Amino acid sequence: MQSTTRFDPRISGLSQQVKTLASPQEVYFEKARDIRAEHLDGALHLYRHDDILALNKHPDVLGNGGRGGSFGHDGRLIPLEIDGPDHKKWRRLLDPMFAPKRVQRLENQIRRLAADLIENVRAAGGAEFNSGFCTPLPCQTFLGLVGAPTADLDFFLEFKEGVIHPKGDTTEEIEANMAVAGGKLLEYFDGFLKDKRKRLDEDDDVIAELLRSEVAGEPLAEFDLINILFLLMFAGLDTVTASLSCSIAWLGRNPEHRRSLVDSPELLMPAIEELLRYESPVPSGMRYPVRDIDLGDGLIIQEGEQINAFWAAANVDPTYHEDPLRVDFGRPRVGHMTFASGVHRCLGSHLARMELRIALEQVLAEIPRYEVDIDALVYDNVAVRTVTHLPVVIP
Ligand code: HEM
């Protein structure tokens, strides 16, 4: 049965309950431990790893766009809000542009930028690390990769704030504010793409490649291009900043773990995966079954229900993970859902992992004894978990 009111996870009771908590993991853990599924604010919430995995794999489940555009944009964002064979077609086009080999080319450039940003912080004896490092590092890198001007970073940041963290207390207010932010981006791209088309042959970036690409023997239509870029500009700009801020804050709060990484750099990749699991920057995502689905042991999801799949709860689900509230860099099986799972699995995971690795390698090498002012940390867990105020001191 289709419920009529559109559910927005950003204003749900659960999001508001954990809004500013430093450790929402405890709330998510209790949910996954005690409750398999519950209706809250008009959406069925799923908390357990196995249920969400089965849902994401099911051919009769639509992704986030099952109920139409949700980020202040009339078109369907590609590939997030597309399902079925069309989704496959778009992923085939986009996957190679964010594949490991492709993003690997950025390694030296990211390392240089990280070193420069850290040098500024070190010279000052410390700084606000979200604005001084976690934001500029992935955002400048991403704009370079897609071929959008880094000089316009502030404009793009304002856009992504406007669609991911819109102001407003009701769905209507939120949608109106997102539409304003989205409208500005459309206006920007209108002029930008006209110019870009004139110098296509010279440029080696994602937008140039998209403009040169053909799908089913035809060049991309302008609206398809916009539906791709609109999504990329917020998916690529918010999430790595968020993950980086959470990881750096966590390592600042847990100096013995940080020291273990300084002493044993081979632990860094497992540590990144473990922190991605524990911190889960994107807490949840929406799914829409088009038929009744039997998840076993009496749990039947009904056609038309709005499902809020809680990746962050699945990541601390004690029915799947052993002792999930403990951060353990030696955990034998991390198996997290931080990048979701199934066909809508994150397109940018290779880029995100590489940026996290280089950023943390540089931080641990250059300022291994950094400290964070724990009482001053400000967490925001709505839509994307981020440490929005991250004061770092270099002793
Ligand atoms: C640590 C950083 C990141 C995290 C935690 C993350 C998380 C996620 C999650 C949970 C989804 C599934 C959304 C859903 O179905 O509801 C997703 C999808 C997506 N992500 Fe990421 N993401 C990250 C970085 C990036 C980056 C850097 C890009 C830039 C290319 C990106 C692009 C996308 C796109 C385009 C999708 C839609 C995929 C599809 O629907 O087929 N993400 N991401």
# chains A, B, ... in the order shown; residues from 1 in each chain; ligands from 1
>>> residues_near_ligand(ligand="ligand 1", cutoff="7 Å", atoms="only C-alpha atoms and all ligand atoms", output="short mmCIF file (atom, residue, chain, number, x, y, z; two decimals) with N, CA, C and O atoms, in the first residue's frame")
data_model
loop_
_atom_site.label_atom_id
_atom_site.label_comp_id
_atom_site.auth_asym_id
_atom_site.auth_seq_id
_atom_site.Cartn_x
_atom_site.Cartn_y
_atom_site.Cartn_z
N GLY A 63 15.48 2.11 -6.17
CA GLY A 63 16.41 2.86 -5.33
C GLY A 63 15.80 4.17 -4.84
O GLY A 63 14.58 4.37 -4.87
N ASN A 64 16.68 5.05 -4.45
CA ASN A 64 16.32 6.30 -3.82
C ASN A 64 15.30 7.14 -4.61
O ASN A 64 14.55 7.91 -4.05
N PRO A 79 23.05 8.39 -11.73
CA PRO A 79 22.22 7.18 -11.80
C PRO A 79 21.37 6.93 -10.55
O PRO A 79 20.62 5.97 -10.52
N LEU A 80 21.45 7.82 -9.54
CA LEU A 80 20.84 7.53 -8.23
C LEU A 80 19.33 7.28 -8.33
O LEU A 80 18.79 6.41 -7.65
N GLU A 81 18.66 8.07 -9.18
CA GLU A 81 17.19 7.99 -9.19
C GLU A 81 16.64 7.24 -10.41
O GLU A 81 15.49 7.41 -10.77
N HIS A 87 19.41 2.15 -15.62
CA HIS A 87 20.44 2.40 -14.61
C HIS A 87 21.74 1.73 -15.01
O HIS A 87 22.83 2.32 -14.95
N ARG A 91 25.46 3.42 -15.53
CA ARG A 91 26.64 3.00 -14.76
C ARG A 91 27.75 2.54 -15.69
O ARG A 91 28.92 2.76 -15.42
N PHE A 98 35.36 6.75 -12.88
CA PHE A 98 35.70 6.78 -11.46
C PHE A 98 36.35 5.46 -11.02
O PHE A 98 36.34 5.11 -9.84
N LEU A 231 23.86 15.59 -9.66
CA LEU A 231 24.15 14.59 -8.62
C LEU A 231 25.63 14.59 -8.25
O LEU A 231 26.00 14.61 -7.08
N LEU A 232 26.49 14.57 -9.27
CA LEU A 232 27.94 14.49 -8.99
C LEU A 232 28.38 15.66 -8.10
O LEU A 232 29.19 15.49 -7.20
N ALA A 235 27.19 14.73 -4.54
CA ALA A 235 27.69 13.43 -4.04
C ALA A 235 29.20 13.50 -3.84
O ALA A 235 29.74 12.92 -2.91
N GLY A 236 29.89 14.21 -4.73
CA GLY A 236 31.35 14.24 -4.66
C GLY A 236 31.88 15.26 -3.68
O GLY A 236 33.03 15.18 -3.26
N LEU A 237 31.07 16.26 -3.33
CA LEU A 237 31.62 17.36 -2.52
C LEU A 237 31.39 17.20 -1.03
O LEU A 237 32.11 17.77 -0.23
N THR A 239 30.61 14.11 0.91
CA THR A 239 30.82 12.85 1.62
C THR A 239 32.26 12.62 2.07
O THR A 239 32.49 12.10 3.16
N VAL A 240 33.23 12.98 1.23
CA VAL A 240 34.61 12.70 1.62
C VAL A 240 35.03 13.68 2.71
O VAL A 240 35.72 13.30 3.67
N SER A 243 33.63 12.14 5.83
CA SER A 243 34.37 10.97 6.32
C SER A 243 35.70 11.37 6.92
O SER A 243 36.13 10.83 7.94
N SER A 280 30.17 5.65 9.50
CA SER A 280 29.04 5.63 8.55
C SER A 280 28.54 7.02 8.16
O SER A 280 27.44 7.43 8.55
N PRO A 281 29.31 7.76 7.38
CA PRO A 281 28.94 9.16 7.12
C PRO A 281 27.54 9.34 6.52
O PRO A 281 26.87 10.32 6.81
N VAL A 282 27.10 8.42 5.64
CA VAL A 282 25.73 8.55 5.11
C VAL A 282 24.85 7.58 5.93
O VAL A 282 24.95 6.37 5.77
N SER A 284 21.58 6.74 6.10
CA SER A 284 20.53 5.87 5.56
C SER A 284 20.19 6.25 4.13
O SER A 284 20.63 7.28 3.63
N GLY A 285 19.39 5.42 3.48
CA GLY A 285 18.93 5.71 2.12
C GLY A 285 17.55 5.12 1.92
O GLY A 285 17.15 4.19 2.63
N MET A 286 16.80 5.68 0.96
CA MET A 286 15.43 5.23 0.75
C MET A 286 15.35 4.13 -0.32
O MET A 286 16.10 4.13 -1.28
N THR A 338 28.72 1.16 4.25
CA THR A 338 28.89 2.61 4.20
C THR A 338 28.67 3.16 2.79
O THR A 338 28.20 4.29 2.62
N PHE A 339 29.00 2.37 1.78
CA PHE A 339 28.78 2.80 0.39
C PHE A 339 27.50 2.16 -0.16
O PHE A 339 27.34 2.03 -1.37
N ALA A 340 26.59 1.72 0.72
CA ALA A 340 25.38 0.98 0.36
C ALA A 340 25.77 -0.37 -0.23
O ALA A 340 26.90 -0.85 -0.01
N VAL A 343 22.86 -2.57 -6.74
CA VAL A 343 23.15 -1.84 -7.98
C VAL A 343 23.46 -0.36 -7.74
O VAL A 343 24.18 0.27 -8.51
N HIS A 344 22.90 0.21 -6.66
CA HIS A 344 23.15 1.64 -6.42
C HIS A 344 24.37 1.89 -5.54
O HIS A 344 24.55 2.99 -5.02
N ARG A 345 25.20 0.88 -5.40
CA ARG A 345 26.41 1.03 -4.62
C ARG A 345 27.18 2.25 -5.13
O ARG A 345 27.20 2.53 -6.32
N CYS A 346 27.83 2.95 -4.20
CA CYS A 346 28.48 4.23 -4.50
C CYS A 346 29.40 4.18 -5.72
O CYS A 346 30.26 3.31 -5.83
N LEU A 347 29.22 5.16 -6.60
CA LEU A 347 30.08 5.28 -7.78
C LEU A 347 31.47 5.81 -7.40
O LEU A 347 32.45 5.54 -8.09
N GLY A 348 31.55 6.57 -6.31
CA GLY A 348 32.80 7.26 -5.98
C GLY A 348 33.65 6.58 -4.91
O GLY A 348 34.57 7.20 -4.37
N SER A 349 33.38 5.29 -4.62
CA SER A 349 34.06 4.67 -3.48
C SER A 349 35.58 4.57 -3.68
O SER A 349 36.34 4.72 -2.74
N LEU A 351 37.51 6.63 -5.42
CA LEU A 351 38.05 7.98 -5.22
C LEU A 351 38.05 8.31 -3.72
O LEU A 351 39.05 8.81 -3.19
N ALA A 352 36.95 8.00 -3.06
CA ALA A 352 36.84 8.32 -1.63
C ALA A 352 37.93 7.61 -0.83
O ALA A 352 38.62 8.22 0.00
N ARG A 353 38.11 6.32 -1.11
CA ARG A 353 39.12 5.55 -0.35
C ARG A 353 40.53 6.10 -0.61
O ARG A 353 41.35 6.19 0.30
#
>>> residues_around(residues="range 221-230 of chain A", least_positions_apart="2", cutoff="6 Å", atoms="only C-alpha atoms", output="PyMOL selection string")
chain A and resi 77-78+232-233
>>> residues_around(residues="range 375-382 of chain A", least_positions_apart="4", cutoff="10 Å", atoms="only C-alpha atoms", output="PyMOL selection string")
chain A and resi 9-12+14-24+164-165+242+245-246+249+280-284+386-392
>>> residues_around(residues="range 326-328 of chain A", least_positions_apart="5", cutoff="8 Å", atoms="only C-alpha atoms", output="list in words")
Ala271, Glu274, Leu275 and Tyr278 of chain A
>>> residues_around(residues="Gln306 in chain A", least_positions_apart="3", cutoff="7 Å", atoms="only C-alpha atoms", output="number ranges by chain")
A: 43-44, 286-288
>>> write_last_selection(atoms="N, CA, C and O atoms", output="PDB file, in the first residue's frame")
ATOM      1  N   ALA A  43       7.545   5.808   7.438  1.00  0.00           N
ATOM      2  CA  ALA A  43       8.456   4.946   6.655  1.00  0.00           C
ATOM      3  C   ALA A  43       8.815   3.723   7.488  1.00  0.00           C
ATOM      4  O   ALA A  43       8.940   3.807   8.718  1.00  0.00           O
ATOM      5  N   LEU A  44       9.002   2.608   6.791  1.00  0.00           N
ATOM      6  CA  LEU A  44       9.450   1.408   7.502  1.00  0.00           C
ATOM      7  C   LEU A  44      10.974   1.485   7.617  1.00  0.00           C
ATOM      8  O   LEU A  44      11.675   1.585   6.602  1.00  0.00           O
ATOM      9  N   MET A 286      16.804   5.675   0.958  1.00  0.00           N
ATOM     10  CA  MET A 286      15.427   5.233   0.746  1.00  0.00           C
ATOM     11  C   MET A 286      15.347   4.129  -0.316  1.00  0.00           C
ATOM     12  O   MET A 286      16.098   4.127  -1.280  1.00  0.00           O
ATOM     13  N   ARG A 287      14.419   3.185  -0.112  1.00  0.00           N
ATOM     14  CA  ARG A 287      14.166   2.120  -1.064  1.00  0.00           C
ATOM     15  C   ARG A 287      12.662   1.936  -1.201  1.00  0.00           C
ATOM     16  O   ARG A 287      11.919   2.167  -0.234  1.00  0.00           O
ATOM     17  N   TYR A 288      12.216   1.493  -2.409  1.00  0.00           N
ATOM     18  CA  TYR A 288      10.779   1.404  -2.685  1.00  0.00           C
ATOM     19  C   TYR A 288      10.439   0.083  -3.368  1.00  0.00           C
ATOM     20  O   TYR A 288      10.711  -0.079  -4.567  1.00  0.00           O
TER      21      TYR A 288
END
>>> residues_around(residues="Leu55 in chain A", least_positions_apart="3", cutoff="12 Å", atoms="only C-alpha atoms", output="PyMOL selection string")
chain A and resi 46-52+58-63+285-296+299-302+307-310+340-344
>>> residues_around(residues="Thr141 in chain A", least_positions_apart="5", cutoff="9 Å", atoms="only C-alpha atoms", output="number ranges by chain")
A: 106, 109-110, 113, 136, 146, 150, 355
>>> closest_residue(among="A:Lys194, A:Arg357, A:Arg369, A:Lys160", to="Leu251 in chain A", atoms="only C-alpha atoms")
A:Arg369
>>> select_by_dssp(residues="range 18-216 of chain A", states="alpha helix (DSSP H)", output="PyMOL selection string")
chain A and resi 18+25-34+49-57+84-94+100-104+107-123+129+136-146+153-164+171-198+206-212
>>> closest_residue(among="A:Asn130, A:Val334, A:Gln104, A:Phe234", to="Glu158 in chain A", atoms="only C-alpha atoms")
A:Phe234
>>> select_by_dssp(residues="range 44-173 of chain A", states="strand (DSSP E or B)", output="PyMOL selection string")
chain A and resi 44-46+61-62+126-128
>>> closest_residue(among="A:Pro395, A:Gly162, A:Pro324, A:Gly252", to="Ala32 in chain A", atoms="only C-alpha atoms")
A:Pro324
>>> closest_residue(among="A:Ile207, A:Leu53, A:Ala37, A:Met354", to="Leu94 in chain A", atoms="only C-alpha atoms")
A:Ile207
>>> decode(residues="range 325-339 of chain A", atoms="all heavy atoms", output="PDB file, in the first residue's frame")
ATOM      1  N   LEU A 325      30.479  -1.990  18.638  1.00  0.00           N
ATOM      2  CA  LEU A 325      30.792  -0.637  19.124  1.00  0.00           C
ATOM      3  C   LEU A 325      32.277  -0.462  19.417  1.00  0.00           C
ATOM      4  O   LEU A 325      32.727   0.628  19.733  1.00  0.00           O
ATOM      5  CB  LEU A 325      29.959  -0.301  20.369  1.00  0.00           C
ATOM      6  CG  LEU A 325      28.447  -0.141  20.099  1.00  0.00           C
ATOM      7  CD1 LEU A 325      27.703   0.224  21.367  1.00  0.00           C
ATOM      8  CD2 LEU A 325      28.191   0.908  19.024  1.00  0.00           C
ATOM      9  N   ARG A 326      33.021  -1.563  19.294  1.00  0.00           N
ATOM     10  CA  ARG A 326      34.470  -1.468  19.506  1.00  0.00           C
ATOM     11  C   ARG A 326      35.134  -1.212  18.147  1.00  0.00           C
ATOM     12  O   ARG A 326      34.858  -1.916  17.174  1.00  0.00           O
ATOM     13  CB  ARG A 326      34.997  -2.779  20.088  1.00  0.00           C
ATOM     14  CG  ARG A 326      36.440  -2.686  20.574  1.00  0.00           C
ATOM     15  CD  ARG A 326      36.738  -3.841  21.522  1.00  0.00           C
ATOM     16  NE  ARG A 326      36.592  -5.121  20.837  1.00  0.00           N
ATOM     17  CZ  ARG A 326      37.578  -5.734  20.193  1.00  0.00           C
ATOM     18  NH1 ARG A 326      38.782  -5.210  20.162  1.00  0.00           N
ATOM     19  NH2 ARG A 326      37.371  -6.879  19.603  1.00  0.00           N
ATOM     20  N   VAL A 327      35.983  -0.186  18.103  1.00  0.00           N
ATOM     21  CA  VAL A 327      36.721   0.075  16.862  1.00  0.00           C
ATOM     22  C   VAL A 327      37.993  -0.753  16.914  1.00  0.00           C
ATOM     23  O   VAL A 327      38.815  -0.598  17.814  1.00  0.00           O
ATOM     24  CB  VAL A 327      37.034   1.586  16.726  1.00  0.00           C
ATOM     25  CG1 VAL A 327      37.970   1.847  15.549  1.00  0.00           C
ATOM     26  CG2 VAL A 327      35.740   2.363  16.559  1.00  0.00           C
ATOM     27  N   ASP A 328      38.119  -1.664  15.965  1.00  0.00           N
ATOM     28  CA  ASP A 328      39.215  -2.642  16.000  1.00  0.00           C
ATOM     29  C   ASP A 328      39.869  -2.693  14.618  1.00  0.00           C
ATOM     30  O   ASP A 328      39.272  -3.196  13.658  1.00  0.00           O
ATOM     31  CB  ASP A 328      38.592  -4.007  16.368  1.00  0.00           C
ATOM     32  CG  ASP A 328      39.606  -5.135  16.315  1.00  0.00           C
ATOM     33  OD1 ASP A 328      40.794  -4.862  16.036  1.00  0.00           O
ATOM     34  OD2 ASP A 328      39.202  -6.293  16.538  1.00  0.00           O
ATOM     35  N   PHE A 329      41.094  -2.144  14.534  1.00  0.00           N
ATOM     36  CA  PHE A 329      41.758  -2.091  13.223  1.00  0.00           C
ATOM     37  C   PHE A 329      42.156  -3.491  12.736  1.00  0.00           C
ATOM     38  O   PHE A 329      42.544  -3.652  11.583  1.00  0.00           O
ATOM     39  CB  PHE A 329      42.989  -1.179  13.274  1.00  0.00           C
ATOM     40  CG  PHE A 329      42.659   0.277  13.571  1.00  0.00           C
ATOM     41  CD1 PHE A 329      43.645   1.155  14.010  1.00  0.00           C
ATOM     42  CD2 PHE A 329      41.368   0.765  13.390  1.00  0.00           C
ATOM     43  CE1 PHE A 329      43.339   2.494  14.270  1.00  0.00           C
ATOM     44  CE2 PHE A 329      41.059   2.100  13.649  1.00  0.00           C
ATOM     45  CZ  PHE A 329      42.049   2.962  14.102  1.00  0.00           C
ATOM     46  N   GLY A 330      42.060  -4.480  13.633  1.00  0.00           N
ATOM     47  CA  GLY A 330      42.392  -5.855  13.221  1.00  0.00           C
ATOM     48  C   GLY A 330      41.131  -6.691  12.993  1.00  0.00           C
ATOM     49  O   GLY A 330      41.218  -7.911  12.903  1.00  0.00           O
ATOM     50  N   ARG A 331      39.978  -6.053  12.909  1.00  0.00           N
ATOM     51  CA  ARG A 331      38.709  -6.800  12.740  1.00  0.00           C
ATOM     52  C   ARG A 331      38.809  -7.729  11.527  1.00  0.00           C
ATOM     53  O   ARG A 331      39.124  -7.270  10.422  1.00  0.00           O
ATOM     54  CB  ARG A 331      37.580  -5.787  12.548  1.00  0.00           C
ATOM     55  CG  ARG A 331      36.179  -6.373  12.497  1.00  0.00           C
ATOM     56  CD  ARG A 331      35.148  -5.254  12.429  1.00  0.00           C
ATOM     57  NE  ARG A 331      35.010  -4.568  13.708  1.00  0.00           N
ATOM     58  CZ  ARG A 331      34.265  -5.011  14.726  1.00  0.00           C
ATOM     59  NH1 ARG A 331      33.583  -6.130  14.593  1.00  0.00           N
ATOM     60  NH2 ARG A 331      34.215  -4.344  15.840  1.00  0.00           N
ATOM     61  N   PRO A 332      38.552  -9.024  11.721  1.00  0.00           N
ATOM     62  CA  PRO A 332      38.761  -9.954  10.608  1.00  0.00           C
ATOM     63  C   PRO A 332      37.815  -9.709   9.423  1.00  0.00           C
ATOM     64  O   PRO A 332      38.194  -9.819   8.285  1.00  0.00           O
ATOM     65  CB  PRO A 332      38.489 -11.338  11.210  1.00  0.00           C
ATOM     66  CG  PRO A 332      38.094 -11.124  12.623  1.00  0.00           C
ATOM     67  CD  PRO A 332      38.169  -9.670  12.967  1.00  0.00           C
ATOM     68  N   ARG A 333      36.557  -9.325   9.698  1.00  0.00           N
ATOM     69  CA  ARG A 333      35.628  -9.137   8.579  1.00  0.00           C
ATOM     70  C   ARG A 333      34.894  -7.815   8.809  1.00  0.00           C
ATOM     71  O   ARG A 333      34.035  -7.724   9.673  1.00  0.00           O
ATOM     72  CB  ARG A 333      34.620 -10.293   8.566  1.00  0.00           C
ATOM     73  CG  ARG A 333      33.574 -10.180   7.503  1.00  0.00           C
ATOM     74  CD  ARG A 333      32.476 -11.211   7.680  1.00  0.00           C
ATOM     75  NE  ARG A 333      31.695 -10.977   8.897  1.00  0.00           N
ATOM     76  CZ  ARG A 333      30.501 -11.510   9.143  1.00  0.00           C
ATOM     77  NH1 ARG A 333      29.982 -12.365   8.303  1.00  0.00           N
ATOM     78  NH2 ARG A 333      29.843 -11.242  10.259  1.00  0.00           N
ATOM     79  N   VAL A 334      35.250  -6.789   8.040  1.00  0.00           N
ATOM     80  CA  VAL A 334      34.618  -5.494   8.290  1.00  0.00           C
ATOM     81  C   VAL A 334      33.218  -5.491   7.660  1.00  0.00           C
ATOM     82  O   VAL A 334      32.223  -5.189   8.309  1.00  0.00           O
ATOM     83  CB  VAL A 334      35.490  -4.331   7.787  1.00  0.00           C
ATOM     84  CG1 VAL A 334      34.774  -3.006   7.984  1.00  0.00           C
ATOM     85  CG2 VAL A 334      36.820  -4.310   8.558  1.00  0.00           C
ATOM     86  N   GLY A 335      33.106  -5.853   6.372  1.00  0.00           N
ATOM     87  CA  GLY A 335      31.810  -6.030   5.698  1.00  0.00           C
ATOM     88  C   GLY A 335      30.800  -4.919   5.943  1.00  0.00           C
ATOM     89  O   GLY A 335      29.659  -5.178   6.308  1.00  0.00           O
ATOM     90  N   HIS A 336      31.223  -3.656   5.726  1.00  0.00           N
ATOM     91  CA  HIS A 336      30.289  -2.561   6.024  1.00  0.00           C
ATOM     92  C   HIS A 336      29.412  -2.183   4.836  1.00  0.00           C
ATOM     93  O   HIS A 336      29.625  -2.630   3.715  1.00  0.00           O
ATOM     94  CB  HIS A 336      31.065  -1.353   6.539  1.00  0.00           C
ATOM     95  CG  HIS A 336      32.027  -0.762   5.537  1.00  0.00           C
ATOM     96  ND1 HIS A 336      31.605  -0.130   4.387  1.00  0.00           N
ATOM     97  CD2 HIS A 336      33.382  -0.699   5.512  1.00  0.00           C
ATOM     98  CE1 HIS A 336      32.661   0.309   3.715  1.00  0.00           C
ATOM     99  NE2 HIS A 336      33.753  -0.036   4.374  1.00  0.00           N
ATOM    100  N   MET A 337      28.412  -1.347   5.123  1.00  0.00           N
ATOM    101  CA  MET A 337      27.485  -0.879   4.087  1.00  0.00           C
ATOM    102  C   MET A 337      27.579   0.625   3.913  1.00  0.00           C
ATOM    103  O   MET A 337      26.609   1.261   3.512  1.00  0.00           O
ATOM    104  CB  MET A 337      26.073  -1.206   4.520  1.00  0.00           C
ATOM    105  CG  MET A 337      25.733  -2.602   4.266  1.00  0.00           C
ATOM    106  SD  MET A 337      23.969  -2.725   4.148  1.00  0.00           S
ATOM    107  CE  MET A 337      23.888  -4.479   3.996  1.00  0.00           C
ATOM    108  N   THR A 338      28.722   1.164   4.248  1.00  0.00           N
ATOM    109  CA  THR A 338      28.887   2.610   4.196  1.00  0.00           C
ATOM    110  C   THR A 338      28.673   3.162   2.791  1.00  0.00           C
ATOM    111  O   THR A 338      28.202   4.286   2.623  1.00  0.00           O
ATOM    112  CB  THR A 338      30.295   2.948   4.737  1.00  0.00           C
ATOM    113  OG1 THR A 338      30.316   2.500   6.085  1.00  0.00           O
ATOM    114  CG2 THR A 338      30.627   4.410   4.652  1.00  0.00           C
ATOM    115  N   PHE A 339      29.004   2.375   1.775  1.00  0.00           N
ATOM    116  CA  PHE A 339      28.777   2.800   0.388  1.00  0.00           C
ATOM    117  C   PHE A 339      27.501   2.159  -0.156  1.00  0.00           C
ATOM    118  O   PHE A 339      27.345   2.031  -1.368  1.00  0.00           O
ATOM    119  CB  PHE A 339      29.975   2.415  -0.483  1.00  0.00           C
ATOM    120  CG  PHE A 339      31.255   3.146  -0.116  1.00  0.00           C
ATOM    121  CD1 PHE A 339      32.349   2.460   0.397  1.00  0.00           C
ATOM    122  CD2 PHE A 339      31.359   4.521  -0.276  1.00  0.00           C
ATOM    123  CE1 PHE A 339      33.528   3.131   0.737  1.00  0.00           C
ATOM    124  CE2 PHE A 339      32.530   5.205   0.054  1.00  0.00           C
ATOM    125  CZ  PHE A 339      33.619   4.506   0.567  1.00  0.00           C
TER     126      PHE A 339
END
